[in-house]
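Colleague: Quick one: structure below, then a few questions.
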Amino acid sequence: MKTLKPLDAAWLYVDTVDTPMQVACMAIFSLPEDAPGDFIQGLFEHLRSVPRFARPFNLKLASPKLKAVMPAWVEAEHIDLDYHLRHSALPRPGGERELGVLISRLHSHPMDFNRPLWEAHVIEGLEGGRFALYMKMHHSLVDGVGGMRMLQRMLTPDPHARSQPPPWAVGCGAGREREPQSIDAQLRKFMQAARNQLGSAPAVARALGRVVRSAVQRRDPQEALPFSAPHSVLNAKVSAQRRFATQHYDLDRVRAVARAADVTLNDVFLGLCAGALRRYLLEIGALPRKSLTAGVPVSVRPADDENAGNAISFIIANLNTTVEDPLQRLALIHQSTRIAKDQLQALPKAGIDSYTMIFMAPFILQLLAGLGGRARPMFNVTISNVPGPREPLYFNGARMEQIYPVSLLSHGQALNITSVSYAGQFNIGITGCRDTLPSMQRLAVYMGEALEELERALGSTGTAHTTTAKPAARKRGKRAA
């Protein structure tokens, strides 16, 4: 039995029927040129024939009834693969809307806490003979970067490779047998971790002290502080039903804007979100007079870390949604994220987990007390950028064409916007509460137009197109339902 880390356990504490704490990805694949007519059925049967489960796919809660008290993982003795692996088909014409409707419904459905907390869905019937793979997992098991690495381990850059194992047979670091540690070795490891935490305590205290002083003195208006966000329609209670939309661009377009504006790629992404949110909220008469803020997860996972669980911290950025000029707004966002990242980078690595838990504790307590969506939000919207594979990847000859993140919501957080880069693409998944945000798919359209607006303002030329097979569909927003 393995007790969860505090940050991993927190996602179980706040999990409810209306707010299932599950994250997912949706990948779209095209068939190999020599694919037989039953390729997808054969692929599904291949997946179904591998009942071998690596961590974290073989973990389940020791006691689901105690998940909000003392959660711990145990290895499942029996895993029903037919429950976790599903095969679906879209109704004709198998377009963006039909796929979006299905993904929205799948992501609205909570998982069974008596089983390992993951599902995989093979979805056929997409136009052009394509198919999709939707995989979801509880956030207590994996974060965005960890999930992306897990997916990459089942894929290959070789289009001719066949008989590749499914993700549950690969897991995190599968194939590496770890030597069992002696009691003395475990004790030394525990004592070293304790010394690291104690040694980092002064730096953590100083960092938290800076947050408190800034809240009192307000020295820099671009320093976004916890619970300084205004009330907005994004911060109401949420229902269980989700809505999902996507958008994607050439990655070079986003990089060109970042270079021209002398900001980071993530700043540009925040700027696109800010521009789209400003326009959307203005149209529905709900733009706050004070600027919205964004909670931005930051990965602190080392490059060689193959463990499950979460390795993230958070910063808060001022989105400057009160600023009309897009270039001025982008420059101010850059200033805000630089201040936040400087504070986080000043911490020793051993102290980041402690800082994150203390920093996020009020947010978690707000949800546990049932105040999410009623009290002032810690921030208005979660916006995350996850780096993905740089080269095209294949699964048993099928090329992965696009990949989109599908994220979680909580009471007081009715919108999540997450991007992932892949093979020269910048792909964005927008997850929202169906009952809170009307016509949410407009955000996808407005983000595309916000990018064009920045390109015009910066004089960028020659890249004013997205990597989309159907430009006409872009005007409607992507795979929204």
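Residue numbering restarts at 1 for every chain of the structure tokens, chains are lettered A, B, ... in their displayed order, and ligands are numbered from 1 as they appear.
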Could you pull out the strand (DSSP E) residues of stretch 289-427 of chain A from DSSP and send them as number ranges by chain?

Modeller: A: 293-299, 312-318, 381-386, 394-395, 398-406, 415-422, 425-427

Colleague: List every residue of stretch 204-442 of chain A that DSSP, applied to the backbone of this structure, assigns to helix (DSSP H, G or I), and report them as JSON, numbers by chain.

Modeller: {"A": [204, 205, 206, 207, 208, 209, 210, 211, 212, 213, 214, 215, 216, 217, 233, 234, 235, 251, 252, 253, 254, 255, 256, 257, 258, 259, 260, 261, 265, 266, 267, 268, 269, 270, 271, 272, 273, 274, 275, 276, 277, 278, 279, 280, 281, 282, 283, 326, 327, 328, 329, 330, 331, 332, 333, 334, 335, 336, 337, 338, 339, 340, 341, 342, 343, 344, 345, 349, 350, 351, 352, 353, 354, 355, 356, 357, 358, 359, 360, 361, 362, 363, 364, 365, 366, 367, 368, 442]}

Colleague: Quick one: everything within 10 Å of A:Thr246, counting only C-alpha atoms, minus sequence neighbours fewer than 2 positions away in the same chain. Send it as a PyMOL selection string.

Modeller: chain A and resi 96+100+244+248+403-406+417-419+427-431+441+443-445+474+477-480

Colleague: Print the selection's residues with C-alpha atoms to a file, as a CSV table (one decimal), in the first residue's frame.

Modeller:
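Dumped everything to part03.csv:
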```csv
chain,number,residue,atom,x,y,z
A,96,GLU,CA,-16.1,17.9,-35.8
A,100,GLY,CA,-17.1,17.0,-30.0
A,244,PHE,CA,-15.4,20.9,-25.4
A,248,HIS,CA,-4.9,24.8,-33.6
A,403,ILE,CA,-3.6,15.8,-30.1
A,404,TYR,CA,-5.7,17.9,-27.8
A,405,PRO,CA,-5.9,18.1,-24.0
A,406,VAL,CA,-9.2,17.8,-22.2
A,417,ILE,CA,-7.8,26.3,-21.6
A,418,THR,CA,-4.9,24.0,-22.2
A,419,SER,CA,-2.5,23.8,-25.1
A,427,ASN,CA,-3.2,22.6,-30.4
A,428,ILE,CA,-5.6,24.0,-27.9
A,429,GLY,CA,-8.4,22.3,-25.9
A,430,ILE,CA,-11.1,24.4,-24.3
A,431,THR,CA,-13.1,22.6,-21.5
A,441,GLN,CA,-17.2,27.5,-29.0
A,443,LEU,CA,-13.8,31.3,-27.7
A,444,ALA,CA,-12.1,29.0,-30.2
A,445,VAL,CA,-13.0,31.3,-33.1
A,474,ARG,CA,-12.6,27.3,-38.5
A,477,GLY,CA,-14.9,27.0,-33.9
A,478,LYS,CA,-13.4,23.5,-33.6
A,479,ARG,CA,-15.0,20.3,-32.4
A,480,ALA,CA,-17.3,22.1,-30.1
```

Colleague: Quick one: residues within 9 Å of A:Val14, only C-alpha atoms counted, chain neighbours fewer than 5 positions away excluded, as a list in words?

Modeller: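 The residues satisfying every condition are Thr19, Pro20, Met21, Ala68, Ile364, Leu365, Leu367, Leu368 and Ser410 of chain A.
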
Colleague: What does the file look like for those residues with N, CA and C atoms, as a tab-separated table (two decimals), in the first residue's frame?

Modeller:
```tsv
chain	number	residue	atom	x	y	z
A	19	THR	N	-17.86	17.66	-10.11
A	19	THR	CA	-16.49	18.08	-10.43
A	19	THR	C	-15.54	16.88	-10.40
A	20	PRO	N	-15.70	15.94	-11.31
A	20	PRO	CA	-14.76	14.82	-11.37
A	20	PRO	C	-13.37	15.33	-11.75
A	21	MET	N	-12.38	14.98	-10.96
A	21	MET	CA	-11.03	15.49	-11.17
A	21	MET	C	-10.25	14.60	-12.13
A	68	ALA	N	-11.35	10.67	0.80
A	68	ALA	CA	-11.25	12.05	1.25
A	68	ALA	C	-10.66	12.16	2.64
A	364	ILE	N	-7.96	24.77	-2.08
A	364	ILE	CA	-8.46	23.44	-1.75
A	364	ILE	C	-9.46	23.54	-0.60
A	365	LEU	N	-9.14	24.32	0.42
A	365	LEU	CA	-10.05	24.46	1.57
A	365	LEU	C	-11.36	25.11	1.16
A	367	LEU	N	-12.85	24.75	-1.69
A	367	LEU	CA	-13.66	23.70	-2.33
A	367	LEU	C	-14.20	22.73	-1.30
A	368	LEU	N	-13.37	22.33	-0.33
A	368	LEU	CA	-13.81	21.38	0.68
A	368	LEU	C	-14.94	21.96	1.54
A	410	SER	N	-13.70	22.86	-11.65
A	410	SER	CA	-14.11	22.77	-10.25
A	410	SER	C	-15.11	23.89	-9.98
```

Colleague: Calculated over only C-alpha atoms, which of the candidates A:Phe363, A:Phe269, A:Gly285, A:Pro392 has the smallest distance to A:His334?

Modeller: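 Once distances to A:His334 are computed over only C-alpha atoms, the minimum belongs to A:Phe269.
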
Colleague: Do a neighbour search on A:Tyr134 at 6 Å with only C-alpha atoms, toss out local chain neighbours closer than 2 positions, and write the hits as a PyMOL selection string.

Modeller: chain A and resi 25-26+120-121

Colleague: I'd like the interatomic distance between atom CA of A:Pro91 and atom CA of A:Val17, to a tenth of an Å.

Modeller: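 About the pair atom CA of A:Pro91 and atom CA of A:Val17: they are 28.2 Å apart.
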
Colleague: Neighbouring residues of A:Ile333 were defined as those with any atom within 8 Å, considering only C-alpha atoms; residues of the same chain fewer than 6 positions away were excluded. Please report them as a PyMOL selection string.

Modeller: chain A and resi 222+267+270-271+317-320

Colleague: Keeping C-alpha atoms for every residue in the selection just given, could you write it to a file as an mmCIF file, in the first residue's frame?

Modeller:
```cif
data_model
loop_
_atom_site.group_PDB
_atom_site.id
_atom_site.type_symbol
_atom_site.label_atom_id
_atom_site.label_comp_id
_atom_site.auth_asym_id
_atom_site.auth_seq_id
_atom_site.Cartn_x
_atom_site.Cartn_y
_atom_site.Cartn_z
ATOM 1 C CA GLN A 222 1.152 43.516 -12.649
ATOM 2 C CA ASP A 267 2.938 34.860 -22.992
ATOM 3 C CA LEU A 270 -2.006 33.897 -22.493
ATOM 4 C CA GLY A 271 -2.486 36.922 -24.759
ATOM 5 C CA ALA A 317 -0.804 35.972 -14.131
ATOM 6 C CA ASN A 318 -2.669 39.204 -14.768
ATOM 7 C CA LEU A 319 -4.483 38.843 -18.110
ATOM 8 C CA ASN A 320 -5.055 42.604 -18.446
#
```

Colleague: At what distance in Å, to one decimal, does atom CA of A:Val69 lie from atom CA of A:Phe53?

Modeller: 27.1 Å

Colleague: Name all residues at most 12 Å from stretch 435-437 of chain A (count only C-alpha atoms; drop same-chain ones fewer than 2 positions away) and give them as a ChimeraX atom specification.

Modeller: /A:18,232-244,277,280-281,284,286,373,409,411-416,430-433,439-443,481

Colleague: What does the distance from atom CA of A:Ala450 to atom CA of A:Gln425 come to in Å, to one decimal?

Modeller: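 One can read the atom CA of A:Ala450 to atom CA of A:Gln425 distance as 17.3 Å.
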
Colleague: For A:Thr321, which of A:Ala229, A:Leu265, A:Leu451, A:Ala35 is the closest residue, counting only C-alpha atoms?

Modeller: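 Using only C-alpha atoms, the shortest distance to A:Thr321 belongs to A:Ala229.
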
Colleague: So, with only C-alpha atoms as the atoms that count, which of A:Asp342, A:Glu77, A:Asp82, A:Glu223 lies closest to A:Leu47?

Modeller: A:Asp82

Colleague: Out of A:Leu332, A:Met154, A:Ile358, A:Ile103, which residue has the shortest atom-to-atom distance to A:Pro6 when counting only C-alpha atoms?

Modeller: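 Among the listed residues, the smallest separation from A:Pro6 belongs to A:Ile358.
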